[in-house]
>>> print(open('query.txt').read())   # compact mmCIF, C-alpha atoms and all ligand atoms
# COMPACT_ATOMS: atom_id res chain seq x y z
CA ALA A 1 -8.62 -7.16 26.49
CA ARG A 2 -7.25 -9.12 23.60
CA THR A 3 -3.51 -8.76 23.04
CA VAL A 4 -2.20 -8.52 19.49
CA LYS A 5 1.50 -9.03 18.85
CA LEU A 6 2.55 -6.32 16.43
CA ALA A 7 5.98 -6.12 14.77
CA VAL A 8 7.07 -2.60 13.88
CA ILE A 9 9.62 -1.87 11.15
CA PRO A 10 10.21 1.90 11.01
CA GLY A 11 12.79 1.50 8.23
CA ASP A 12 14.51 4.32 6.38
CA GLY A 13 14.14 8.02 5.62
CA ILE A 14 10.75 9.35 6.74
CA GLY A 15 9.73 5.79 7.77
CA PRO A 16 10.51 6.27 11.49
CA GLU A 17 8.88 9.74 11.50
CA VAL A 18 5.57 8.57 10.08
CA VAL A 19 5.51 5.28 12.01
CA ALA A 20 5.85 7.21 15.28
CA GLU A 21 2.63 9.07 14.44
CA GLY A 22 0.87 5.87 13.43
CA LEU A 23 1.79 4.30 16.77
CA LYS A 24 0.65 7.46 18.55
CA VAL A 25 -2.81 7.14 17.01
CA LEU A 26 -2.94 3.37 17.61
CA ALA A 27 -2.05 3.91 21.27
CA THR A 28 -5.02 6.27 21.58
CA VAL A 29 -7.58 4.20 19.73
CA ALA A 30 -6.70 0.66 20.85
CA PRO A 31 -7.58 0.85 24.59
CA ALA A 32 -11.02 2.27 23.76
CA HIS A 33 -11.73 -0.92 21.82
CA ASP A 34 -10.37 -3.29 24.43
CA LEU A 35 -7.33 -4.02 22.33
CA ALA A 36 -3.81 -4.27 23.75
CA LEU A 37 -0.96 -3.96 21.28
CA ASP A 38 2.22 -5.75 22.25
CA THR A 39 4.71 -4.07 19.93
CA THR A 40 8.25 -5.15 19.10
CA GLU A 41 10.40 -2.86 17.03
CA TYR A 42 12.82 -4.28 14.47
CA GLU A 43 15.84 -2.33 13.29
CA LEU A 44 15.94 -3.23 9.62
CA GLY A 45 16.94 -1.11 6.66
CA ALA A 46 19.91 0.97 5.57
CA LYS A 47 21.53 1.34 8.99
CA ARG A 48 21.58 -2.38 9.65
CA TRP A 49 22.79 -3.15 6.14
CA HIS A 50 25.72 -0.75 6.49
CA ALA A 51 26.60 -2.15 9.92
CA THR A 52 26.24 -5.88 9.22
CA GLY A 53 25.49 -6.44 5.53
CA GLU A 54 22.16 -7.99 6.50
CA THR A 55 18.80 -7.10 4.97
CA LEU A 56 16.55 -9.65 6.66
CA PRO A 57 18.31 -12.37 8.64
CA ASP A 58 16.39 -15.67 8.73
CA THR A 59 16.18 -15.49 12.52
CA VAL A 60 14.41 -12.13 12.29
CA ALA A 61 12.09 -13.40 9.54
CA ALA A 62 11.18 -16.31 11.83
CA GLU A 63 10.42 -13.89 14.68
CA LEU A 64 8.31 -11.66 12.46
CA ARG A 65 6.26 -14.67 11.52
CA GLU A 66 5.18 -15.09 15.13
CA HIS A 67 3.35 -11.75 15.06
CA GLU A 68 -0.23 -11.10 14.04
CA ALA A 69 0.64 -8.09 11.93
CA ILE A 70 3.54 -5.95 10.77
CA PHE A 71 3.49 -2.15 10.68
CA LEU A 72 6.11 -0.75 8.31
CA GLY A 73 7.28 2.77 7.44
CA ALA A 74 9.38 2.59 4.28
CA VAL A 75 12.66 1.15 3.11
CA GLY A 76 15.25 2.37 0.62
CA ASP A 77 18.11 4.78 0.96
CA PRO A 78 20.35 6.64 -1.50
CA THR A 79 23.48 5.18 0.19
CA VAL A 80 22.39 1.60 -0.52
CA PRO A 81 22.39 0.17 -4.06
CA SER A 82 18.89 0.32 -5.51
CA GLY A 83 16.97 -2.89 -4.95
CA VAL A 84 19.04 -4.30 -2.10
CA LEU A 85 16.59 -3.25 0.60
CA GLU A 86 13.53 -3.10 -1.62
CA ARG A 87 13.99 -6.71 -2.73
CA GLY A 88 15.88 -8.06 0.26
CA LEU A 89 13.46 -6.76 2.84
CA LEU A 90 10.16 -5.42 1.52
CA LEU A 91 9.53 -7.81 -1.36
CA ARG A 92 10.97 -10.71 0.60
CA LEU A 93 8.35 -10.11 3.31
CA ARG A 94 5.54 -9.79 0.76
CA PHE A 95 6.62 -13.02 -0.92
CA ASP A 96 7.52 -15.09 2.15
CA PHE A 97 4.31 -14.10 3.92
CA SER A 98 2.20 -14.64 0.83
CA HIS A 99 0.81 -11.10 0.70
CA TYR A 100 -0.97 -11.77 -2.54
CA VAL A 101 -3.45 -8.97 -2.00
CA ASN A 102 -1.93 -5.52 -2.00
CA LEU A 103 -4.95 -3.48 -1.01
CA ARG A 104 -4.79 0.18 -1.95
CA PRO A 105 -7.91 2.31 -1.46
CA VAL A 106 -8.06 5.52 -3.51
CA ARG A 107 -10.48 7.92 -1.85
CA LEU A 108 -10.91 11.66 -1.99
CA TYR A 109 -11.62 13.07 1.45
CA PRO A 110 -13.89 16.14 1.66
CA GLY A 111 -11.99 19.41 1.48
CA VAL A 112 -8.82 17.85 0.09
CA HIS A 113 -7.32 19.56 -2.92
CA THR A 114 -7.15 17.40 -6.02
CA PRO A 115 -5.43 18.38 -9.26
CA LEU A 116 -8.54 17.15 -11.10
CA GLY A 117 -10.38 20.27 -10.04
CA ASP A 118 -14.13 19.83 -10.28
CA VAL A 119 -14.64 16.44 -8.64
CA THR A 120 -16.34 15.36 -5.42
CA PRO A 121 -15.53 12.56 -2.96
CA GLU A 122 -18.25 10.48 -4.67
CA ASP A 123 -16.26 10.68 -7.90
CA ILE A 124 -13.08 9.21 -6.45
CA ASP A 125 -13.76 6.13 -4.36
CA MET A 126 -11.99 3.06 -5.62
CA LEU A 127 -10.26 0.05 -4.25
CA VAL A 128 -7.22 -1.11 -6.14
CA VAL A 129 -6.52 -4.79 -5.58
CA ARG A 130 -2.94 -5.15 -6.74
CA GLU A 131 -1.46 -8.63 -7.01
CA GLY A 132 1.46 -8.78 -4.59
CA THR A 133 3.57 -11.85 -5.18
CA GLU A 134 4.03 -12.37 -8.91
CA GLY A 135 4.37 -10.42 -12.17
CA PRO A 136 7.71 -8.87 -13.11
CA TYR A 137 8.46 -8.57 -9.38
CA ALA A 138 9.09 -12.32 -9.09
CA GLY A 139 12.78 -11.93 -9.82
CA MET A 140 12.88 -14.28 -12.81
CA GLY A 141 15.24 -13.46 -15.63
CA GLY A 142 18.83 -12.45 -15.77
CA VAL A 143 21.68 -10.90 -17.67
CA LEU A 144 23.75 -12.41 -20.46
CA ARG A 145 27.00 -11.08 -21.94
CA LYS A 146 27.13 -8.35 -19.34
CA GLY A 147 29.18 -5.32 -20.27
CA THR A 148 29.36 -6.28 -23.96
CA PRO A 149 27.51 -4.59 -26.80
CA GLY A 150 25.42 -7.76 -27.05
CA GLU A 151 24.22 -7.58 -23.47
CA ILE A 152 20.73 -8.92 -22.83
CA ALA A 153 18.69 -8.29 -19.69
CA THR A 154 15.40 -10.10 -19.23
CA GLN A 155 12.88 -9.65 -16.44
CA ASP A 156 10.12 -12.19 -16.77
CA SER A 157 6.58 -11.59 -15.64
CA VAL A 158 5.33 -14.59 -13.69
CA ASN A 159 1.59 -15.22 -13.81
CA THR A 160 0.36 -18.48 -12.34
CA ARG A 161 -3.22 -19.68 -12.63
CA PHE A 162 -3.20 -20.15 -8.85
CA GLY A 163 -1.81 -16.67 -8.18
CA VAL A 164 -4.10 -14.87 -10.59
CA GLU A 165 -7.21 -16.72 -9.47
CA ARG A 166 -6.73 -16.09 -5.77
CA VAL A 167 -6.36 -12.33 -6.19
CA VAL A 168 -9.19 -12.12 -8.72
CA ARG A 169 -11.46 -14.01 -6.30
CA TYR A 170 -10.61 -11.55 -3.56
CA ALA A 171 -11.36 -8.61 -5.86
CA PHE A 172 -14.77 -10.02 -6.87
CA ALA A 173 -15.69 -10.62 -3.24
CA LYS A 174 -14.85 -6.97 -2.49
CA ALA A 175 -16.81 -5.74 -5.51
CA ALA A 176 -19.83 -7.76 -4.36
CA GLU A 177 -19.67 -6.07 -0.93
CA ARG A 178 -19.33 -2.54 -2.23
CA PRO A 179 -22.42 -0.57 -3.28
CA ARG A 180 -21.43 -0.03 -6.90
CA HIS A 181 -20.70 -3.71 -7.67
CA ARG A 182 -18.20 -2.92 -10.35
CA LEU A 183 -14.87 -4.51 -11.18
CA THR A 184 -12.34 -3.32 -13.74
CA LEU A 185 -9.50 -5.54 -14.87
CA VAL A 186 -6.52 -3.41 -15.84
CA HIS A 187 -3.89 -5.11 -18.00
CA LYS A 188 -2.29 -4.85 -21.41
CA ASP A 189 -3.65 -7.88 -23.22
CA ASN A 190 -3.09 -6.36 -26.64
CA VAL A 191 0.67 -6.74 -26.14
CA LEU A 192 1.22 -8.99 -23.13
CA THR A 193 -0.92 -11.62 -24.78
CA PHE A 194 0.07 -14.67 -22.71
CA ALA A 195 -0.43 -13.11 -19.31
CA GLY A 196 -3.31 -10.91 -20.47
CA GLU A 197 -5.28 -13.84 -21.79
CA LEU A 198 -4.85 -15.71 -18.52
CA TRP A 199 -6.08 -12.72 -16.48
CA GLN A 200 -9.03 -12.22 -18.85
CA ARG A 201 -10.02 -15.87 -18.72
CA VAL A 202 -9.81 -16.04 -14.94
CA VAL A 203 -11.87 -12.85 -14.59
CA ARG A 204 -14.47 -14.30 -16.94
CA GLU A 205 -14.64 -17.61 -15.07
CA VAL A 206 -14.74 -16.17 -11.56
CA GLY A 207 -17.08 -13.42 -12.76
CA ALA A 208 -19.64 -16.06 -13.74
CA GLU A 209 -20.02 -16.71 -10.00
CA TYR A 210 -20.77 -13.01 -9.42
CA PRO A 211 -23.58 -12.08 -11.81
CA GLN A 212 -24.31 -8.97 -9.73
CA VAL A 213 -20.85 -7.53 -10.42
CA ALA A 214 -20.43 -5.55 -13.63
CA VAL A 215 -17.09 -6.37 -15.21
CA ASP A 216 -15.06 -4.02 -17.34
CA TYR A 217 -11.63 -4.19 -18.92
CA LEU A 218 -9.16 -1.40 -19.68
CA HIS A 219 -5.67 -1.42 -21.09
CA VAL A 220 -3.38 0.10 -18.52
CA ASP A 221 -2.45 3.08 -20.67
CA ALA A 222 -6.09 4.02 -21.13
CA ALA A 223 -6.73 3.37 -17.44
CA THR A 224 -4.16 6.02 -16.45
CA MET A 225 -6.02 8.51 -18.65
CA PHE A 226 -9.42 7.65 -17.17
CA PHE A 227 -8.03 7.84 -13.61
CA VAL A 228 -7.57 11.53 -14.36
CA THR A 229 -10.47 12.30 -16.71
CA GLN A 230 -13.20 9.95 -15.43
CA PRO A 231 -12.29 8.57 -11.98
CA ARG A 232 -15.95 7.71 -11.43
CA ARG A 233 -15.57 4.82 -13.88
CA PHE A 234 -13.70 2.90 -11.21
CA ASP A 235 -14.91 0.95 -8.21
CA VAL A 236 -12.77 -2.16 -7.62
CA VAL A 237 -9.72 -2.38 -9.86
CA VAL A 238 -7.81 -5.65 -10.11
CA THR A 239 -4.41 -5.71 -11.74
CA ASP A 240 -0.97 -7.21 -11.74
CA ASN A 241 1.91 -6.27 -9.48
CA LEU A 242 3.67 -3.71 -11.68
CA PHE A 243 0.61 -2.04 -13.19
CA GLY A 244 -0.81 -1.85 -9.67
CA ASP A 245 2.33 -0.18 -8.38
CA ILE A 246 2.18 2.49 -11.05
CA ILE A 247 -1.53 3.25 -11.05
CA THR A 248 -1.66 3.55 -7.26
CA ASP A 249 0.90 6.37 -7.24
CA LEU A 250 -1.32 8.02 -9.83
CA GLY A 251 -4.35 7.23 -7.69
CA ALA A 252 -2.61 8.85 -4.74
CA ALA A 253 -1.92 11.98 -6.75
CA VAL A 254 -5.51 12.38 -7.95
CA ALA A 255 -6.85 11.79 -4.43
CA GLY A 256 -4.82 14.55 -2.82
CA GLY A 257 -1.25 13.32 -2.70
CA ILE A 258 1.08 10.49 -1.87
CA GLY A 259 1.10 11.55 1.78
CA LEU A 260 -2.48 10.30 2.11
CA ALA A 261 -2.31 6.91 0.36
CA ALA A 262 -2.60 3.81 2.57
CA SER A 263 -1.97 0.16 1.83
CA GLY A 264 -2.20 -3.29 3.26
CA ASN A 265 -0.21 -6.31 2.13
CA ILE A 266 -2.68 -8.98 3.01
CA ASN A 267 -2.62 -12.72 3.39
CA PRO A 268 -6.37 -13.29 3.57
CA GLU A 269 -6.05 -16.85 4.91
CA ARG A 270 -4.06 -15.52 7.89
CA ASP A 271 -1.40 -18.19 7.47
CA PHE A 272 1.10 -15.35 7.89
CA PRO A 273 1.11 -11.87 9.39
CA SER A 274 -0.23 -9.20 7.05
CA MET A 275 1.78 -6.01 6.69
CA PHE A 276 0.53 -2.44 6.61
CA GLU A 277 2.46 0.49 5.20
CA PRO A 278 1.94 3.75 3.34
CA VAL A 279 2.07 3.58 -0.46
CA HIS A 280 4.93 6.08 -0.49
CA GLY A 281 8.61 5.43 0.02
CA SER A 282 11.33 6.72 2.31
CA ALA A 283 11.30 10.21 0.70
CA PRO A 284 14.99 10.95 1.30
CA ASP A 285 14.43 14.47 -0.07
CA ILE A 286 12.40 15.47 3.01
CA ALA A 287 13.67 13.00 5.64
CA GLY A 288 14.54 14.36 9.07
CA GLN A 289 12.76 17.66 8.52
CA GLY A 290 9.38 16.98 10.09
CA LYS A 291 7.74 17.66 6.72
CA ALA A 292 6.37 14.21 5.94
CA ASP A 293 2.61 13.79 6.07
CA PRO A 294 1.93 10.83 8.41
CA THR A 295 -1.69 10.48 7.26
CA ALA A 296 -0.97 7.62 4.82
CA THR A 297 0.66 5.66 7.63
CA ILE A 298 -2.15 6.45 10.06
CA LEU A 299 -4.74 5.29 7.52
CA SER A 300 -2.66 2.15 7.00
CA ALA A 301 -2.96 1.55 10.75
CA GLY A 302 -6.71 1.81 10.15
CA LEU A 303 -6.54 -0.87 7.46
CA MET A 304 -4.62 -3.00 9.94
CA LEU A 305 -7.33 -2.61 12.58
CA ASP A 306 -9.91 -3.61 9.99
CA HIS A 307 -7.90 -6.72 9.19
CA LEU A 308 -7.55 -7.57 12.88
CA GLY A 309 -11.31 -7.40 13.30
CA TYR A 310 -11.63 -3.92 14.82
CA ALA A 311 -13.76 -2.26 12.17
CA ASP A 312 -15.20 0.31 14.61
CA ALA A 313 -11.72 1.40 15.59
CA ALA A 314 -10.74 1.65 11.94
CA ARG A 315 -13.78 3.84 11.16
CA ARG A 316 -12.82 6.04 14.08
CA ILE A 317 -9.38 6.64 12.60
CA GLU A 318 -10.90 7.44 9.21
CA ARG A 319 -13.29 9.93 10.80
CA ALA A 320 -10.49 11.62 12.72
CA VAL A 321 -8.38 11.82 9.55
CA GLY A 322 -11.36 13.30 7.69
CA GLU A 323 -11.78 15.98 10.37
CA ASP A 324 -8.08 16.76 10.40
CA LEU A 325 -8.04 17.11 6.61
CA GLN A 326 -11.06 19.46 6.76
CA ALA A 327 -9.34 21.56 9.40
CA ARG A 328 -6.20 21.70 7.29
CA ALA A 329 -8.22 22.71 4.23
CA LYS A 330 -9.88 25.52 6.18
CA ASP A 331 -6.83 27.27 7.63
CA GLY A 332 -4.32 26.28 4.95
CA LEU A 333 -1.47 26.30 7.46
CA VAL A 334 1.51 24.02 6.95
CA ARG A 335 1.70 21.46 9.74
CA SER A 336 4.62 19.33 10.84
CA THR A 337 4.55 15.53 10.93
CA SER A 338 3.96 15.42 14.68
CA GLU A 339 1.36 18.21 14.63
CA ILE A 340 -0.72 16.18 12.20
CA GLY A 341 -0.27 13.03 14.31
CA ASP A 342 -1.22 14.94 17.47
CA ASP A 343 -4.31 16.41 15.85
CA ILE A 344 -5.55 13.05 14.57
CA ALA A 345 -4.83 11.36 17.92
CA ARG A 346 -6.73 14.11 19.75
CA ARG A 347 -9.71 13.78 17.42
CA VAL A 348 -9.69 10.00 17.82
CA ALA A 349 -9.75 10.42 21.60
CA GLU A 350 -12.55 13.01 21.49
CA GLN A 351 -14.86 10.70 19.55
CA GLY A 352 -15.24 8.92 22.93
P1 LIG B 1 8.85 8.36 -2.46
O1 LIG B 1 7.44 7.96 -2.30
O2 LIG B 1 9.74 8.09 -1.32
O3 LIG B 1 8.90 9.93 -2.78
C1 LIG B 1 8.34 10.52 -3.95
C2 LIG B 1 8.00 12.00 -3.64
O4 LIG B 1 6.89 12.05 -2.74
C3 LIG B 1 9.14 12.74 -2.95
O5 LIG B 1 9.20 14.07 -3.41
C4 LIG B 1 8.74 12.73 -1.50
O6 LIG B 1 9.24 13.81 -0.73
C5 LIG B 1 7.23 12.78 -1.58
N1 LIG B 1 6.62 12.09 -0.41
C6 LIG B 1 6.63 10.76 -0.17
N2 LIG B 1 6.00 10.50 0.98
C7 LIG B 1 5.58 11.68 1.48
C8 LIG B 1 4.87 12.05 2.66
N3 LIG B 1 4.44 11.15 3.56
N4 LIG B 1 4.60 13.36 2.87
C9 LIG B 1 4.99 14.27 1.96
N5 LIG B 1 5.68 13.99 0.83
C10 LIG B 1 5.96 12.70 0.60
O7 LIG B 1 9.36 7.66 -3.78
P2 LIG B 1 10.82 7.64 -4.47
O8 LIG B 1 11.46 8.98 -4.30
O9 LIG B 1 10.60 7.09 -5.78
O10 LIG B 1 11.65 6.58 -3.64
C11 LIG B 1 12.50 6.88 -2.54
C12 LIG B 1 13.00 5.61 -1.90
O11 LIG B 1 11.93 4.90 -1.29
C13 LIG B 1 13.62 4.61 -2.90
O12 LIG B 1 14.69 3.99 -2.25
C14 LIG B 1 12.51 3.64 -3.17
O13 LIG B 1 12.96 2.38 -3.56
C15 LIG B 1 11.86 3.56 -1.82
N6 LIG B 1 10.45 3.17 -1.82
C16 LIG B 1 10.04 2.37 -0.81
C17 LIG B 1 8.71 2.05 -0.67
C18 LIG B 1 8.28 1.19 0.46
O14 LIG B 1 9.01 0.99 1.41
N7 LIG B 1 7.08 0.66 0.43
C19 LIG B 1 7.77 2.58 -1.58
C20 LIG B 1 8.21 3.41 -2.62
C21 LIG B 1 9.56 3.71 -2.72
C1 LIG B 2 5.49 0.27 -3.29
C2 LIG B 2 6.94 0.42 -3.69
C3 LIG B 2 7.59 -0.95 -3.83
C4 LIG B 2 6.85 -1.66 -4.96
C5 LIG B 2 9.10 -0.95 -4.10
C6 LIG B 2 9.85 -0.12 -3.10
C7 LIG B 2 9.64 -2.36 -4.12
O1 LIG B 2 7.06 1.19 -4.83
O2 LIG B 2 5.23 -0.31 -2.23
O3 LIG B 2 4.62 0.76 -4.02
O4 LIG B 2 7.20 -1.48 -6.14
O5 LIG B 2 5.93 -2.41 -4.66
MN MN B 3 5.20 2.08 -5.48
>>> encode(input="query.txt", output="structure tokens", more="lines below")
Ligand code: NAD
Ligand code: IPM
Ligand code: MN
Amino acid sequence: ARTVKLAVIPGDGIGPEVVAEGLKVLATVAPAHDLALDTTEYELGAKRWHATGETLPDTVAAELREHEAIFLGAVGDPTVPSGVLERGLLLRLRFDFSHYVNLRPVRLYPGVHTPLGDVTPEDIDMLVVREGTEGPYAGMGGVLRKGTPGEIATQDSVNTRFGVERVVRYAFAKAAERPRHRLTLVHKDNVLTFAGELWQRVVREVGAEYPQVAVDYLHVDAATMFFVTQPRRFDVVVTDNLFGDIITDLGAAVAGGIGLAASGNINPERDFPSMFEPVHGSAPDIAGQGKADPTATILSAGLMLDHLGYADAARRIERAVGEDLQARAKDGLVRSTSEIGDDIARRVAEQG
């Protein structure tokens, strides 16, 4: 068996609850595919910050780097000033480990209720390729004349040719692999003219290498409308960090809810460990109650297996999730976090 060193960061709120179920499913599926997971858990998040003032000590960052992948729940807590953990831990990992592809599939599973009503799984099957290391997330900008009536806060959007091109290339490669061969750039080039023009030009140039891929462009405001009214328009969507953040919560909602939305923060070159986590956050409003849906985290474990080269194991998780969602749709009963994890783990095991 091959051994993969996996770092686990349960984090805050519902993070530990959903990560436990993800690990449960991984423990069931891995041995069947001759994969041994050597997991190390890292206590990072609100508790550590309160105790020590640390978000991500350099020594821990160096240890994380020695792993093949990171499995994360969520970070952020109402008792910690907004941004301290989100920037100091989550974004720091995405930036330091060059997770320039934030991969967020938006798929409707059969039987799952969607607020769109009359749509089928064929209508909602997209892959959002969100840039992960630049845009307004870069942390450029600042505050002048703080506390005065003349106060100015700027938050610059960073868009480098290098950064845009690498994520656009990844998106085209994905579009070429997928049956519908379609790529939509989502931006706001009618207002954000400098960045928008760069994204457009890069898409045009890289697109010339992919004549089989049909390229489309939508302003982000119109894209949010079409996510709801015409989800079938979308196959691969490539977009910047902030637009990608926003449209993937919308994507989650149209595909059955934030509790089902998976993501991977990927460094395709494998120079650094990639990191897999649900799209959702720490959900302090339901933490500690066994109410969180662990499916997003379990599907993120599937994306991780794909990345590690275990595509069969990943498909097995997706099948088990599909069956569990069908069963839930049939009986309509409310299930706890661990009941859902147990059911998916059992179905994974039964696939033999
Ligand atoms: P959130 O995703 O945590 O919650 C939004 C809503 O969705 C809440 O009502 C919550 O109960 C519900 N929800 C989320 N996950 C669910 C699940 N698995 N099952 C059922 N319901 C679920 O977003 P928020 O409230 O905007 O943010 C809360 C905290 O999480 C903040 O500190 C924020 O910064 C942080 N956050 C972290 C991440 C991350 O770690 N990747 C992502 C988003 C938000
Ligand atoms: C997400 C989250 C993060 C983001 C926050 C918590 C920094 O919303 O993973 O979608 O904006 O990327
Ligand atoms: Mn988000």
>>> residues_around(input="query.txt", residues="region 282-287 of chain A", least_positions_apart="4", cutoff="9 Å", atoms="all atoms listed in the file", output="MDAnalysis selection string")
chainID A and resid 11:15 17 73:78 291:292
>>> closest_residue(input="query.txt", among="A:Phe95, A:Phe243, A:Tyr100, A:Phe162", to="Thr224 (chain A)", atoms="all atoms listed in the file")
A:Phe243
>>> atom_distance(input="query.txt", atom1="CA of Ser98 (chain A)", atom2="CA of Val215 (chain A)")
26.4 Å
>>> residues_around(input="query.txt", residues="region 235-240 of chain A", least_positions_apart="3", cutoff="8 Å", atoms="all atoms listed in the file", output="ChimeraX atom specification")
/A:125-132,134-135,167-168,171,174-175,180-187,232,243-244
>>> write_last_selection(input="query.txt", atoms="C-alpha atoms", output="PDB file, in the frame of the given file")
ATOM      1  CA  ASP A 125     -13.760   6.130  -4.360  1.00  0.00           C
ATOM      2  CA  MET A 126     -11.990   3.060  -5.620  1.00  0.00           C
ATOM      3  CA  LEU A 127     -10.260   0.050  -4.250  1.00  0.00           C
ATOM      4  CA  VAL A 128      -7.220  -1.110  -6.140  1.00  0.00           C
ATOM      5  CA  VAL A 129      -6.520  -4.790  -5.580  1.00  0.00           C
ATOM      6  CA  ARG A 130      -2.940  -5.150  -6.740  1.00  0.00           C
ATOM      7  CA  GLU A 131      -1.460  -8.630  -7.010  1.00  0.00           C
ATOM      8  CA  GLY A 132       1.460  -8.780  -4.590  1.00  0.00           C
ATOM      9  CA  GLU A 134       4.030 -12.370  -8.910  1.00  0.00           C
ATOM     10  CA  GLY A 135       4.370 -10.420 -12.170  1.00  0.00           C
ATOM     11  CA  VAL A 167      -6.360 -12.330  -6.190  1.00  0.00           C
ATOM     12  CA  VAL A 168      -9.190 -12.120  -8.720  1.00  0.00           C
ATOM     13  CA  ALA A 171     -11.360  -8.610  -5.860  1.00  0.00           C
ATOM     14  CA  LYS A 174     -14.850  -6.970  -2.490  1.00  0.00           C
ATOM     15  CA  ALA A 175     -16.810  -5.740  -5.510  1.00  0.00           C
ATOM     16  CA  ARG A 180     -21.430  -0.030  -6.900  1.00  0.00           C
ATOM     17  CA  HIS A 181     -20.700  -3.710  -7.670  1.00  0.00           C
ATOM     18  CA  ARG A 182     -18.200  -2.920 -10.350  1.00  0.00           C
ATOM     19  CA  LEU A 183     -14.870  -4.510 -11.180  1.00  0.00           C
ATOM     20  CA  THR A 184     -12.340  -3.320 -13.740  1.00  0.00           C
ATOM     21  CA  LEU A 185      -9.500  -5.540 -14.870  1.00  0.00           C
ATOM     22  CA  VAL A 186      -6.520  -3.410 -15.840  1.00  0.00           C
ATOM     23  CA  HIS A 187      -3.890  -5.110 -18.000  1.00  0.00           C
ATOM     24  CA  ARG A 232     -15.950   7.710 -11.430  1.00  0.00           C
ATOM     25  CA  PHE A 243       0.610  -2.040 -13.190  1.00  0.00           C
ATOM     26  CA  GLY A 244      -0.810  -1.850  -9.670  1.00  0.00           C
TER      27      GLY A 244
END
>>> residues_near_ligand(input="query.txt", ligand="ligand LIG 2 (chain B)", cutoff="9 Å", atoms="all atoms listed in the file", output="number ranges by chain")
A: 74-76, 83, 85-87, 90-91, 102, 132, 137, 241-242, 244-246, 248-249, 263, 277-282
>>> closest_residue(input="query.txt", among="A:Asp306, A:Asp221, A:Asp324, A:Asp118", to="Ser274 (chain A)", atoms="all atoms listed in the file")
A:Asp306
>>> atom_distance(input="query.txt", atom1="CA of Ala46 (chain A)", atom2="CA of Gly147 (chain A)")
28.2 Å
>>> atom_distance(input="query.txt", atom1="CA of Ala27 (chain A)", atom2="CA of Lys47 (chain A)")
26.7 Å
>>> closest_residue(input="query.txt", among="A:Ile258, A:Glu318, A:Ala301, A:Ile344", to="ligand MN 3 (chain B)", atoms="only C-alpha atoms and all ligand atoms")
A:Ile258
>>> closest_residue(input="query.txt", among="A:Ala138, A:Ala153, A:Ala7, A:Ile340", to="ligand LIG 1 (chain B)", atoms="only C-alpha atoms and all ligand atoms")
A:Ile340
>>> residues_near_point(input="query.txt", point="(-8.4, 7.9, -10.0)", cutoff="8 Å", atoms="only C-alpha atoms", output="list in words")
Val106, Ile124, Asp125, Met126, Thr224, Phe226, Phe227, Val228, Gln230, Pro231, Arg232, Phe234, Leu250, Gly251, Ala252, Val254 and Ala255 of chain A
>>> axis_aligned_box(input="query.txt", around="region 38-54 of chain A", padding_each_side="4 Å", output="JSON")
{"center_x": 14.4, "center_y": -3.3, "center_z": 13.9, "size_x": 32.4, "size_y": 17.3, "size_z": 24.7}
>>> closest_residue(input="query.txt", among="A:Ser157, A:Gln200, A:Thr52, A:Thr79", to="ligand LIG 1 (chain B)", atoms="all atoms listed in the file")
A:Thr79
>>> closest_residue(input="query.txt", among="A:Asp342, A:Glu197, A:Glu350, A:Asp331", to="Leu23 (chain A)", atoms="all atoms listed in the file")
A:Asp342
>>> residues_around(input="query.txt", residues="Glu21 (chain A)", least_positions_apart="6", cutoff="9 Å", atoms="only C-alpha atoms", output="number ranges by chain")
A: 294-295, 297-298, 337-338, 340-342, 345
>>> residues_near_point(input="query.txt", point="(-7.7, -16.8, -18.9)", cutoff="12 Å", atoms="only C-alpha atoms", output="compact mmCIF listing (two decimals) with C-alpha atoms, keeping the file's coordinate frame")
# COMPACT_ATOMS: atom_id res chain seq x y z
CA ASN A 159 1.59 -15.22 -13.81
CA THR A 160 0.36 -18.48 -12.34
CA ARG A 161 -3.22 -19.68 -12.63
CA PHE A 162 -3.20 -20.15 -8.85
CA VAL A 164 -4.10 -14.87 -10.59
CA GLU A 165 -7.21 -16.72 -9.47
CA VAL A 168 -9.19 -12.12 -8.72
CA ASP A 189 -3.65 -7.88 -23.22
CA THR A 193 -0.92 -11.62 -24.78
CA PHE A 194 0.07 -14.67 -22.71
CA ALA A 195 -0.43 -13.11 -19.31
CA GLY A 196 -3.31 -10.91 -20.47
CA GLU A 197 -5.28 -13.84 -21.79
CA LEU A 198 -4.85 -15.71 -18.52
CA TRP A 199 -6.08 -12.72 -16.48
CA GLN A 200 -9.03 -12.22 -18.85
CA ARG A 201 -10.02 -15.87 -18.72
CA VAL A 202 -9.81 -16.04 -14.94
CA VAL A 203 -11.87 -12.85 -14.59
CA ARG A 204 -14.47 -14.30 -16.94
CA GLU A 205 -14.64 -17.61 -15.07
CA VAL A 206 -14.74 -16.17 -11.56
CA GLY A 207 -17.08 -13.42 -12.76
>>> residues_around(input="query.txt", residues="Tyr310 (chain A)", least_positions_apart="2", cutoff="12 Å", atoms="all atoms listed in the file", output="list of chain:residue names")
A:Arg2, A:Val4, A:Leu26, A:Val29, A:Ala30, A:Pro31, A:Ala32, A:His33, A:Asp34, A:Leu35, A:Ala36, A:Ala301, A:Gly302, A:Leu303, A:Met304, A:Leu305, A:Asp306, A:His307, A:Leu308, A:Asp312, A:Ala313, A:Ala314, A:Arg315, A:Arg316, A:Ile317
>>> decode(input="query.txt", residues="region 304-311 of chain A", atoms="C-alpha atoms", output="compact mmCIF listing (two decimals), in the first residue's frame")
# COMPACT_ATOMS: atom_id res chain seq x y z
CA MET A 304 -8.67 15.00 -2.61
CA LEU A 305 -8.59 11.34 -3.64
CA ASP A 306 -8.90 12.44 -7.27
CA HIS A 307 -5.95 14.78 -6.81
CA LEU A 308 -3.90 12.04 -5.15
CA GLY A 309 -4.50 9.75 -8.12
CA TYR A 310 -7.30 7.59 -6.70
CA ALA A 311 -10.04 8.39 -9.19
